[in-house]
$ cat entry10.cif   # mmCIF, C-alpha atoms
data_data
loop_
_atom_site.label_atom_id
_atom_site.label_comp_id
_atom_site.auth_asym_id
_atom_site.auth_seq_id
_atom_site.Cartn_x
_atom_site.Cartn_y
_atom_site.Cartn_z
CA MET A 226 115.30 125.01 258.59
CA LEU A 227 118.33 126.98 257.46
CA GLU A 228 120.13 123.72 256.86
CA ILE A 229 117.35 122.41 254.62
CA LEU A 230 117.46 125.62 252.61
CA GLU A 231 121.20 125.40 252.18
CA LYS A 232 121.10 121.73 251.22
CA THR A 233 118.39 122.39 248.64
CA ALA A 234 120.31 125.26 247.09
CA ARG A 235 123.51 123.24 246.98
CA GLU A 236 121.95 120.19 245.39
CA ASN A 237 119.96 122.21 242.85
CA GLY A 238 122.71 124.59 241.80
CA LEU A 239 121.57 125.52 238.31
CA VAL A 240 117.92 125.90 239.34
CA THR A 241 118.98 128.14 242.23
CA ALA A 242 121.02 130.19 239.78
CA PHE A 243 117.96 130.73 237.55
CA ALA A 244 116.02 131.98 240.57
CA VAL A 245 118.82 134.23 241.84
CA VAL A 246 119.53 135.78 238.42
CA GLY A 247 115.82 136.24 237.77
CA PHE A 248 115.46 138.03 241.09
CA VAL A 249 118.43 140.30 240.32
CA MET A 250 116.93 141.12 236.90
CA LEU A 251 113.58 141.90 238.54
CA ILE A 252 115.20 144.34 240.99
CA SER A 253 117.25 145.86 238.16
CA GLY A 254 114.18 146.41 236.03
CA PHE A 255 112.46 148.07 238.97
CA LEU A 256 115.46 150.33 239.69
CA SER A 257 115.72 151.18 236.00
CA ARG A 258 112.10 152.35 235.87
CA LYS A 259 111.76 154.04 239.26
CA LEU A 260 115.23 155.46 239.84
CA THR A 261 116.48 156.34 236.38
CA PHE A 262 113.09 156.54 234.57
CA GLY A 263 114.31 154.07 231.98
CA ARG A 264 117.41 156.05 231.09
CA VAL A 265 119.75 153.32 232.32
CA GLN A 266 118.79 149.91 230.93
CA GLY A 267 117.73 147.24 233.36
CA SER A 268 120.35 144.83 232.04
CA ALA A 269 123.12 147.40 232.62
CA ILE A 270 122.07 147.68 236.26
CA ALA A 271 121.82 143.89 236.51
CA ILE A 272 125.40 143.53 235.27
CA LEU A 273 126.60 146.12 237.79
CA ILE A 274 124.80 144.30 240.61
CA GLY A 275 126.35 141.06 239.30
CA LEU A 276 129.84 142.53 239.48
CA ALA A 277 129.19 143.86 242.98
CA LEU A 278 128.00 140.40 244.06
CA ALA A 279 131.12 138.91 242.44
CA TRP A 280 133.20 141.18 244.65
CA VAL A 281 131.26 140.13 247.75
CA GLY A 282 131.61 136.46 246.84
CA GLY A 283 135.30 136.77 246.07
CA THR A 284 135.98 138.58 249.33
CA MET A 285 134.04 136.02 251.39
CA SER A 286 135.51 132.91 249.78
CA GLY A 287 138.97 134.13 248.79
CA GLY A 288 138.48 132.33 245.47
CA THR A 289 138.76 133.54 241.90
CA LYS A 290 135.23 132.88 240.62
CA GLY A 291 133.26 135.54 242.48
CA LEU A 292 129.87 134.49 243.78
CA ALA A 293 130.24 131.05 242.19
CA ASP A 294 132.84 130.10 244.80
CA LEU A 295 130.22 130.11 247.54
CA ALA A 296 128.72 126.61 247.76
CA LEU A 297 125.22 128.11 247.97
CA PHE A 298 125.64 129.80 244.57
CA SER A 299 127.81 127.26 242.76
CA GLY A 300 125.14 126.97 240.04
CA ILE A 301 126.00 130.52 238.96
CA GLY A 302 129.28 129.04 237.76
CA LEU A 303 127.42 126.71 235.40
CA MET A 304 124.83 129.24 234.25
CA GLY A 305 127.38 131.98 233.53
CA GLY A 306 130.18 129.61 232.53
CA ASN A 307 131.68 129.35 229.08
CA MET A 308 129.45 126.50 227.92
CA LEU A 309 126.06 128.15 228.43
CA ARG A 310 127.42 131.59 227.56
CA ASP A 311 128.63 130.39 224.18
CA PHE A 312 125.45 128.36 223.64
CA ALA A 313 123.34 131.47 224.19
CA ILE A 314 125.63 133.59 222.00
CA VAL A 315 125.33 131.09 219.15
CA ALA A 316 121.55 131.16 219.57
CA THR A 317 121.51 134.93 219.03
CA ALA A 318 122.90 134.29 215.53
CA PHE A 319 119.35 133.23 214.65
CA GLU A 320 118.40 136.92 214.54
CA VAL A 321 121.27 137.97 212.28
CA HIS A 322 120.41 139.41 208.88
CA PRO A 323 123.05 137.78 206.67
CA GLU A 324 123.21 140.73 204.24
CA GLU A 325 124.07 143.14 207.05
CA ALA A 326 126.76 140.86 208.40
CA LYS A 327 128.20 140.15 204.98
CA SER A 328 128.42 143.76 203.87
CA ALA A 329 130.29 144.75 207.04
CA GLY A 330 132.53 141.69 207.07
CA TRP A 331 135.66 143.42 205.83
CA ILE A 332 135.40 146.35 208.25
CA GLY A 333 134.85 143.81 211.05
CA ALA A 334 138.08 142.06 210.07
CA ILE A 335 140.01 145.34 210.08
CA ALA A 336 138.54 146.23 213.47
CA LEU A 337 139.57 142.79 214.73
CA LEU A 338 143.16 143.33 213.71
CA LEU A 339 143.23 146.86 215.18
CA GLY A 340 141.60 145.50 218.33
CA THR A 341 144.55 143.16 218.80
CA VAL A 342 147.40 145.47 217.86
CA LEU A 343 146.28 148.73 219.54
CA PRO A 344 145.71 147.36 223.07
CA PHE A 345 148.95 145.45 222.74
CA ILE A 346 150.87 148.63 221.98
CA VAL A 347 149.23 150.45 224.90
CA GLY A 348 149.97 147.52 227.23
CA VAL A 349 153.61 147.33 226.18
CA GLY A 350 153.96 151.10 226.55
CA VAL A 351 152.51 151.12 230.06
CA ALA A 352 154.66 148.15 231.10
CA TRP A 353 157.73 149.95 229.76
CA ALA A 354 156.79 153.10 231.69
CA PHE A 355 156.56 150.99 234.85
CA GLY A 356 160.11 149.77 234.42
CA TYR A 357 159.79 146.48 232.55
CA ARG A 358 162.52 146.16 229.95
CA ASP A 359 162.65 142.48 228.89
CA ALA A 360 160.77 141.42 225.79
CA VAL A 361 159.02 138.49 227.54
CA SER A 362 157.42 140.62 230.27
CA LEU A 363 156.55 143.44 227.89
CA THR A 364 154.86 141.03 225.46
CA THR A 365 152.95 139.20 228.21
CA ILE A 366 151.55 142.40 229.74
CA GLY A 367 150.76 143.77 226.28
CA ALA A 368 148.92 140.54 225.45
CA GLY A 369 146.94 140.85 228.70
CA ALA A 370 145.67 144.19 227.45
CA VAL A 371 144.19 142.30 224.46
CA THR A 372 142.15 139.83 226.54
CA TYR A 373 142.67 138.02 229.82
CA ILE A 374 143.00 134.75 227.95
CA VAL A 375 145.51 135.97 225.38
CA GLY A 376 147.73 137.25 228.23
CA PRO A 377 148.38 133.99 230.07
CA VAL A 378 148.41 131.90 226.86
CA THR A 379 151.11 134.14 225.42
CA GLY A 380 153.00 134.33 228.71
CA ALA A 381 153.02 130.55 229.05
CA ALA A 382 154.23 130.13 225.48
CA ILE A 383 157.20 132.49 225.86
CA GLY A 384 158.04 131.67 229.49
CA ALA A 385 156.96 134.69 231.55
CA SER A 386 157.25 134.80 235.35
CA SER A 387 154.12 134.11 237.39
CA GLU A 388 154.15 137.65 238.77
CA VAL A 389 154.01 139.09 235.25
CA MET A 390 151.32 136.55 234.30
CA ALA A 391 149.17 137.66 237.23
CA LEU A 392 149.56 141.30 236.17
CA SER A 393 148.69 140.37 232.62
CA ILE A 394 145.51 138.55 233.69
CA ALA A 395 144.54 141.43 235.99
CA THR A 396 144.91 143.85 233.08
CA GLY A 397 142.62 141.76 230.90
CA VAL A 398 139.98 141.30 233.61
CA ILE A 399 139.93 145.03 234.39
CA LYS A 400 139.59 145.73 230.67
CA ALA A 401 136.62 143.36 230.35
CA ILE A 402 134.92 144.95 233.35
CA ILE A 403 135.52 148.49 232.06
CA VAL A 404 134.01 147.52 228.70
CA MET A 405 130.97 145.95 230.42
CA VAL A 406 130.32 149.01 232.56
CA THR A 407 131.17 151.88 230.22
CA THR A 408 129.75 150.65 226.89
CA PRO A 409 126.16 151.81 227.55
CA MET A 410 127.47 155.22 228.66
CA ALA A 411 129.76 155.63 225.66
CA ALA A 412 127.31 154.12 223.14
CA LYS A 413 126.27 157.50 221.73
CA PHE A 414 129.85 158.69 221.39
CA MET A 415 130.84 155.44 219.62
CA ARG A 416 127.73 155.64 217.38
CA LEU A 417 126.61 152.15 218.38
CA LYS A 418 123.36 151.97 216.44
CA THR A 419 123.66 149.74 213.42
CA PRO A 420 124.78 146.13 212.88
CA ARG A 421 127.88 147.45 211.15
CA SER A 422 128.83 149.70 214.07
CA ALA A 423 128.32 146.77 216.46
CA MET A 424 130.70 144.64 214.36
CA VAL A 425 133.34 147.38 214.48
CA PHE A 426 132.87 147.59 218.23
CA GLY A 427 133.07 143.80 218.61
CA GLY A 428 136.37 143.74 216.76
CA LEU A 429 137.98 146.65 218.55
CA ALA A 430 136.75 146.13 222.09
CA GLY A 431 137.70 142.47 222.12
CA THR A 432 136.97 140.21 225.11
CA VAL A 433 133.77 138.27 224.43
CA SER A 434 132.65 138.82 228.00
CA GLY A 435 133.11 142.58 227.78
CA VAL A 436 131.50 142.91 224.37
CA SER A 437 128.59 140.58 225.08
CA ALA A 438 127.73 142.26 228.37
CA GLY A 439 128.38 145.76 227.06
CA LEU A 440 126.12 145.31 224.04
CA ALA A 441 123.48 143.49 226.09
CA ALA A 442 123.30 146.56 228.30
CA THR A 443 123.14 148.90 225.31
CA ASP A 444 120.87 147.31 222.72
CA ARG A 445 119.99 143.63 222.71
CA LYS A 446 119.51 143.63 218.91
CA LEU A 447 123.17 144.47 218.34
CA VAL A 448 124.50 141.55 220.40
CA PRO A 449 124.85 138.90 217.67
CA TYR A 450 126.72 141.23 215.32
CA GLY A 451 129.25 142.28 217.93
CA ALA A 452 129.65 138.75 219.25
CA LEU A 453 130.15 137.32 215.76
CA VAL A 454 133.35 139.34 215.40
CA ALA A 455 134.47 139.33 219.02
CA THR A 456 134.55 135.55 219.23
CA PHE A 457 137.48 135.55 216.82
CA HIS A 458 139.35 137.97 219.05
CA THR A 459 140.89 135.55 221.51
CA GLY A 460 141.93 133.16 218.75
CA LEU A 461 143.62 135.89 216.76
CA GLY A 462 145.34 137.23 219.88
CA CYS A 463 146.62 133.80 220.90
CA LEU A 464 147.87 133.36 217.35
CA MET A 465 149.68 136.70 217.12
CA GLY A 466 150.87 137.13 220.73
CA PRO A 467 153.60 134.51 221.00
CA SER A 468 154.60 134.88 217.35
CA VAL A 469 154.44 138.16 215.40
CA LEU A 470 153.93 140.48 218.36
CA PHE A 471 156.64 138.84 220.48
CA PHE A 472 159.00 138.99 217.53
CA VAL A 473 158.36 142.70 216.95
CA VAL A 474 158.86 143.50 220.64
CA LYS A 475 162.11 141.52 220.61
CA VAL A 476 163.37 143.45 217.62
CA ILE A 477 162.49 146.83 219.17
CA PHE A 478 163.56 146.25 222.78
CA GLY A 479 166.28 143.63 222.30
CA ASN A 480 166.78 140.25 224.06
CA MET B 101 109.07 119.55 218.26
CA ILE B 102 110.86 122.18 220.29
CA ILE B 103 113.84 119.92 220.87
CA TYR B 104 114.65 119.94 217.14
CA GLY B 105 115.53 123.62 217.39
CA THR B 106 117.63 123.18 220.50
CA ALA B 107 119.32 120.13 219.00
CA LEU B 108 120.13 122.04 215.82
CA LEU B 109 121.62 124.79 217.97
CA ALA B 110 123.63 122.23 219.94
CA VAL B 111 124.95 120.57 216.79
CA CYS B 112 126.03 123.95 215.36
CA HIS B 113 127.69 124.82 218.66
CA LEU B 114 129.62 121.54 218.78
CA MET B 115 130.58 121.63 215.10
CA GLY B 116 131.84 125.19 215.51
CA ILE B 117 133.94 124.28 218.54
CA ILE B 118 135.37 121.23 216.75
CA LEU B 119 136.23 123.27 213.65
CA GLY B 120 137.70 126.08 215.79
CA GLU B 121 139.76 123.56 217.71
CA SER B 122 141.01 121.94 214.50
CA LEU B 123 141.87 125.34 213.07
CA GLY B 124 143.84 126.08 216.23
CA ARG B 125 145.74 122.80 215.95
CA ALA B 126 146.45 123.44 212.29
CA LEU B 127 147.97 126.78 213.27
CA GLY B 128 150.04 125.13 215.99
CA MET B 129 148.09 126.36 219.02
CA THR B 130 146.24 124.75 221.88
CA THR B 131 143.47 127.36 221.85
CA ASN B 132 140.23 127.44 219.92
CA VAL B 133 140.25 129.84 216.97
CA GLY B 134 136.84 131.44 216.49
CA GLY B 135 134.84 128.30 217.31
CA VAL B 136 131.81 130.23 218.51
CA GLY B 137 131.94 132.54 215.51
CA ILE B 138 132.07 129.55 213.17
CA ALA B 139 129.10 128.05 215.03
CA MET B 140 127.16 131.29 214.53
CA LEU B 141 127.91 131.27 210.80
CA LEU B 142 126.80 127.62 210.58
CA LEU B 143 123.52 128.44 212.29
CA ILE B 144 122.90 131.42 209.99
CA VAL B 145 123.50 129.28 206.89
CA LEU B 146 121.44 126.33 208.14
CA ARG B 147 118.55 128.61 209.08
CA LEU B 148 118.48 130.11 205.58
CA TYR B 149 118.55 126.65 204.04
CA LEU B 150 115.81 125.22 206.27
CA HIS B 151 113.65 128.29 205.72
CA ARG B 152 113.94 128.10 201.98
CA HIS B 153 112.82 124.48 202.00
CA GLY B 154 110.16 125.00 204.67
CA LEU B 155 111.71 122.37 206.90
CA PHE B 156 111.65 124.30 210.16
CA SER B 157 108.36 124.78 212.00
CA PRO B 158 107.78 127.76 214.32
CA THR B 159 107.70 125.38 217.27
CA SER B 160 111.14 124.10 216.39
CA GLU B 161 112.34 127.68 216.02
CA SER B 162 111.25 128.52 219.53
CA GLY B 163 113.77 125.93 220.72
CA VAL B 164 116.49 128.30 219.47
CA HIS B 165 114.76 131.56 220.34
CA TYR B 166 114.50 130.58 223.98
CA TRP B 167 118.27 130.34 224.29
CA GLY B 168 118.77 133.59 222.45
CA ALA B 169 116.39 135.25 224.88
CA ILE B 170 118.07 133.72 227.93
CA TYR B 171 121.29 135.34 226.79
CA ILE B 172 121.13 138.45 228.99
CA PRO B 173 120.46 136.52 232.21
CA VAL B 174 123.40 134.27 231.31
CA VAL B 175 125.58 137.35 230.91
CA VAL B 176 124.43 138.60 234.32
CA ALA B 177 125.44 135.23 235.80
CA MET B 178 128.77 135.63 234.00
CA ALA B 179 129.25 139.04 235.64
CA MET B 180 128.59 137.42 239.02
CA GLN B 181 131.61 135.18 238.64
CA GLN B 182 134.21 137.65 237.42
CA ASN B 183 137.35 137.90 239.50
CA VAL B 184 136.51 141.43 240.64
CA VAL B 185 138.69 141.15 243.75
CA ALA B 186 141.80 140.43 241.67
CA ALA B 187 140.89 143.19 239.23
CA LEU B 188 140.61 145.72 242.03
CA SER B 189 143.93 144.62 243.53
CA GLY B 190 145.78 144.54 240.22
CA GLY B 191 147.54 147.78 241.06
CA PRO B 192 148.03 150.98 239.08
CA MET B 193 149.89 149.38 236.18
CA ALA B 194 147.13 146.91 235.31
CA LEU B 195 144.54 149.65 235.73
CA LEU B 196 146.42 152.09 233.53
CA ALA B 197 147.05 149.50 230.80
CA ALA B 198 143.37 148.50 230.81
CA VAL B 199 141.97 152.04 230.87
CA GLY B 200 144.44 153.12 228.20
CA SER B 201 143.61 150.32 225.80
CA VAL B 202 139.85 150.73 226.27
CA PHE B 203 140.19 154.47 225.68
CA VAL B 204 142.27 154.08 222.51
CA CYS B 205 139.90 151.43 221.13
CA ALA B 206 136.82 153.54 221.92
CA MET B 207 138.34 156.43 219.98
CA PHE B 208 138.88 154.16 217.00
CA VAL B 209 135.34 152.74 217.22
CA ALA B 210 133.96 156.28 217.26
CA PHE B 211 136.20 157.27 214.37
CA ILE B 212 135.37 154.28 212.14
CA ASN B 213 131.64 154.47 212.89
CA ARG B 214 131.55 158.14 211.93
CA MET B 215 132.60 157.08 208.43
CA GLU B 216 129.53 154.86 208.10
CA PRO B 217 127.23 155.96 205.26
CA GLU B 218 123.90 157.38 206.43
CA HIS B 219 121.64 155.00 204.50
CA ARG B 220 122.73 151.72 205.90
CA GLU B 221 120.04 149.77 204.04
CA SER B 222 122.08 150.07 200.87
CA PRO B 223 125.21 147.92 200.62
CA VAL B 224 128.27 149.63 202.07
CA GLU B 225 130.40 149.58 198.95
CA GLY B 226 130.99 153.30 199.46
CA GLY B 227 132.28 152.77 203.01
CA THR B 228 135.79 154.04 202.36
CA PRO B 229 136.17 157.78 201.99
#

$ encode --input "entry10.cif" --output "structure tokens"
Amino acid sequence: MLEILEKTARENGLVTAFAVVGFVMLISGFLSRKLTFGRVQGSAIAILIGLALAWVGGTMSGGTKGLADLALFSGIGLMGGNMLRDFAIVATAFEVHPEEAKSAGWIGAIALLLGTVLPFIVGVGVAWAFGYRDAVSLTTIGAGAVTYIVGPVTGAAIGASSEVMALSIATGVIKAIIVMVTTPMAAKFMRLKTPRSAMVFGGLAGTVSGVSAGLAATDRKLVPYGALVATFHTGLGCLMGPSVLFFVVKVIFGN
Amino acid sequence: MIIYGTALLAVCHLMGIILGESLGRALGMTTNVGGVGIAMLLLIVLRLYLHRHGLFSPTSESGVHYWGAIYIPVVVAMAMQQNVVAALSGGPMALLAAVGSVFVCAMFVAFINRMEPEHRESPVEGGTP
């Protein structure tokens, strides 16, 4: 019996994923209503449960893809993978009011630039405080603080050691998770209410995964505006990391 | 036909990725530069065009709306496959760098958004103080 169940789940990965995620959302909605009386959004709880399950999956399998590394839940990898994530993000653009997006375009671009440079400076500073002195390591860890894709792309381009690369990726992943979890809590403080504010947030917070999950847990209507800006984040970071930013670090710290 | 909407979405998605990839190559990189953002802009423009000419039926539209609505579950599935174990074992330096950059950025978001004019319906030409 158990074997039949397992075989079915394995051979119908994506369908199993729909059922599992739907069940998690159902529980989250229930917890949201009964436990927090609607103060914490159901989707925020669902994302937290998702992260907890990712930890369980990662611990059990020893892999890097959380729950998706367990054969039973491999469909989660497809459902939450880049392809479907981006497909769904593009679909949200259907709800965008072009005037709103256009009028806040310039502030979004400024936020995007700040969102690349500021985390980089913080990352370089922390790496320096922890004893790193060479420009390559400093740049790679700084780039990891931008997003977990910018980090390894930059590191690979300028020849960082694998230990530094791992640190850089870890920094980016932790950042994405912090953004996912804390955005709903900090939404009031950040004045996340309007399309314009969401675009500023999308530019500054970076990481598509962090922004998309953070906004989803705050206000679903703001998602497309934040995502519109955030999707340029990784590209800009990968462009600036190995070039301008590396150059500046080299000038300041030598070699 | 519902598939028309989904197909339109798919074409925008693919076109965006192709353009983002080409932009990346043109800039001498192997990564995609804003492909998804370009796809979103394409969809916004195409939707306006099709609406103006009455070429998109509500049924076709629901082929896009479904995927927009499935977005949050997809994000939950994305959360389920984060490398949480590695993040937790990244050590104090990774944690400090991440917390620090999130904190600094949040301060800037709060700062910039406080400058937003109250009546957001009007164009934001007065956005700079």

$ atom_distance --input "entry10.cif" --atom1 "CA of Gln182 (chain B)" --atom2 "CA of Ala401 (chain A)"
9.4 Å

$ interface_residues --input "entry10.cif" --of "chain B" --to "chain A" --cutoff "7 Å" --atoms "only C-alpha atoms" --output "PyMOL selection string"
chain B and resi 109+113+131-134+136-137+139-140+143-144+164-165+167-168+170-187+190+193-195+197-202+205-206+209-210+213+223-224

$ resolve_selection --input "entry10.cif" --expression "the PyMOL selection byres ((chain B and resi 104) around 9)" --output "ChimeraX atom specification"
/B:101-103,105-109,156,159-161,163-164

$ atom_distance --input "entry10.cif" --atom1 "CA of Trp331 (chain A)" --atom2 "CA of Met215 (chain B)"
14.2 Å

$ atom_distance --input "entry10.cif" --atom1 "CA of Pro377 (chain A)" --atom2 "CA of Leu447 (chain A)"
29.7 Å

$ closest_residue --input "entry10.cif" --among "A:Gly466, A:Gly333, A:Phe255, A:Gly376" --to "Ile212 (chain B)" --atoms "only C-alpha atoms"
A:Gly333

$ build_atoms --input "entry10.cif" --residues "region 119-148 of chain B" --atoms "N, CA and C atoms" --output "JSON list (two decimals), in the frame of the given file"
[["chain", "number", "residue", "atom", "x", "y", "z"],
["B", 119, "LEU", "N", 135.51, 122.62, 214.76],
["B", 119, "LEU", "CA", 136.23, 123.27, 213.65],
["B", 119, "LEU", "C", 137.22, 124.30, 214.18],
["B", 120, "GLY", "N", 136.81, 125.08, 215.20],
["B", 120, "GLY", "CA", 137.70, 126.08, 215.79],
["B", 120, "GLY", "C", 138.92, 125.43, 216.43],
["B", 121, "GLU", "N", 138.67, 124.29, 217.06],
["B", 121, "GLU", "CA", 139.76, 123.56, 217.71],
["B", 121, "GLU", "C", 140.73, 123.02, 216.66],
["B", 122, "SER", "N", 140.16, 122.47, 215.58],
["B", 122, "SER", "CA", 141.01, 121.94, 214.50],
["B", 122, "SER", "C", 141.82, 123.05, 213.85],
["B", 123, "LEU", "N", 141.17, 124.20, 213.66],
["B", 123, "LEU", "CA", 141.87, 125.34, 213.07],
["B", 123, "LEU", "C", 143.03, 125.75, 213.97],
["B", 124, "GLY", "N", 142.79, 125.75, 215.28],
["B", 124, "GLY", "CA", 143.84, 126.08, 216.23],
["B", 124, "GLY", "C", 145.01, 125.12, 216.13],
["B", 125, "ARG", "N", 144.68, 123.82, 216.08],
["B", 125, "ARG", "CA", 145.74, 122.80, 215.95],
["B", 125, "ARG", "C", 146.53, 123.00, 214.68],
["B", 126, "ALA", "N", 145.79, 123.27, 213.59],
["B", 126, "ALA", "CA", 146.45, 123.44, 212.29],
["B", 126, "ALA", "C", 147.42, 124.61, 212.32],
["B", 127, "LEU", "N", 147.10, 125.61, 213.17],
["B", 127, "LEU", "CA", 147.97, 126.78, 213.27],
["B", 127, "LEU", "C", 149.01, 126.61, 214.37],
["B", 128, "GLY", "N", 149.03, 125.43, 214.98],
["B", 128, "GLY", "CA", 150.04, 125.13, 215.99],
["B", 128, "GLY", "C", 149.74, 125.71, 217.36],
["B", 129, "MET", "N", 148.45, 125.82, 217.70],
["B", 129, "MET", "CA", 148.09, 126.36, 219.02],
["B", 129, "MET", "C", 147.22, 125.38, 219.78],
["B", 130, "THR", "N", 147.11, 125.61, 221.08],
["B", 130, "THR", "CA", 146.24, 124.75, 221.88],
["B", 130, "THR", "C", 144.90, 125.41, 222.11],
["B", 131, "THR", "N", 144.73, 126.66, 221.61],
["B", 131, "THR", "CA", 143.47, 127.36, 221.85],
["B", 131, "THR", "C", 142.53, 127.21, 220.65],
["B", 132, "ASN", "N", 141.28, 127.51, 220.92],
["B", 132, "ASN", "CA", 140.23, 127.44, 219.92],
["B", 132, "ASN", "C", 140.23, 128.74, 219.12],
["B", 133, "VAL", "N", 140.25, 128.63, 217.80],
["B", 133, "VAL", "CA", 140.25, 129.84, 216.97],
["B", 133, "VAL", "C", 138.86, 130.08, 216.40],
["B", 134, "GLY", "N", 138.14, 131.01, 217.03],
["B", 134, "GLY", "CA", 136.84, 131.44, 216.49],
["B", 134, "GLY", "C", 135.75, 130.38, 216.46],
["B", 135, "GLY", "N", 135.83, 129.38, 217.33],
["B", 135, "GLY", "CA", 134.84, 128.30, 217.31],
["B", 135, "GLY", "C", 133.42, 128.80, 217.40],
["B", 136, "VAL", "N", 133.18, 129.73, 218.32],
["B", 136, "VAL", "CA", 131.81, 130.23, 218.51],
["B", 136, "VAL", "C", 131.37, 131.02, 217.28],
["B", 137, "GLY", "N", 132.28, 131.79, 216.72],
["B", 137, "GLY", "CA", 131.94, 132.54, 215.51],
["B", 137, "GLY", "C", 131.60, 131.61, 214.36],
["B", 138, "ILE", "N", 132.36, 130.53, 214.22],
["B", 138, "ILE", "CA", 132.07, 129.55, 213.17],
["B", 138, "ILE", "C", 130.70, 128.93, 213.41],
["B", 139, "ALA", "N", 130.41, 128.62, 214.69],
["B", 139, "ALA", "CA", 129.10, 128.05, 215.03],
["B", 139, "ALA", "C", 127.97, 129.00, 214.65],
["B", 140, "MET", "N", 128.18, 130.30, 214.88],
["B", 140, "MET", "CA", 127.16, 131.29, 214.53],
["B", 140, "MET", "C", 126.93, 131.30, 213.02],
["B", 141, "LEU", "N", 128.04, 131.27, 212.27],
["B", 141, "LEU", "CA", 127.91, 131.27, 210.80],
["B", 141, "LEU", "C", 127.17, 130.03, 210.33],
["B", 142, "LEU", "N", 127.49, 128.86, 210.93],
["B", 142, "LEU", "CA", 126.80, 127.62, 210.58],
["B", 142, "LEU", "C", 125.30, 127.75, 210.81],
["B", 143, "LEU", "N", 124.94, 128.31, 211.96],
["B", 143, "LEU", "CA", 123.52, 128.44, 212.29],
["B", 143, "LEU", "C", 122.80, 129.38, 211.32],
["B", 144, "ILE", "N", 123.49, 130.47, 210.95],
["B", 144, "ILE", "CA", 122.90, 131.42, 209.99],
["B", 144, "ILE", "C", 122.63, 130.72, 208.66],
["B", 145, "VAL", "N", 123.62, 129.97, 208.17],
["B", 145, "VAL", "CA", 123.50, 129.28, 206.89],
["B", 145, "VAL", "C", 122.41, 128.21, 206.95],
["B", 146, "LEU", "N", 122.43, 127.41, 208.02],
["B", 146, "LEU", "CA", 121.44, 126.33, 208.14],
["B", 146, "LEU", "C", 120.02, 126.89, 208.23],
["B", 147, "ARG", "N", 119.88, 128.01, 208.94],
["B", 147, "ARG", "CA", 118.55, 128.61, 209.08],
["B", 147, "ARG", "C", 118.02, 129.04, 207.71],
["B", 148, "LEU", "N", 118.89, 129.68, 206.93],
["B", 148, "LEU", "CA", 118.48, 130.11, 205.58],
["B", 148, "LEU", "C", 118.04, 128.90, 204.77]]
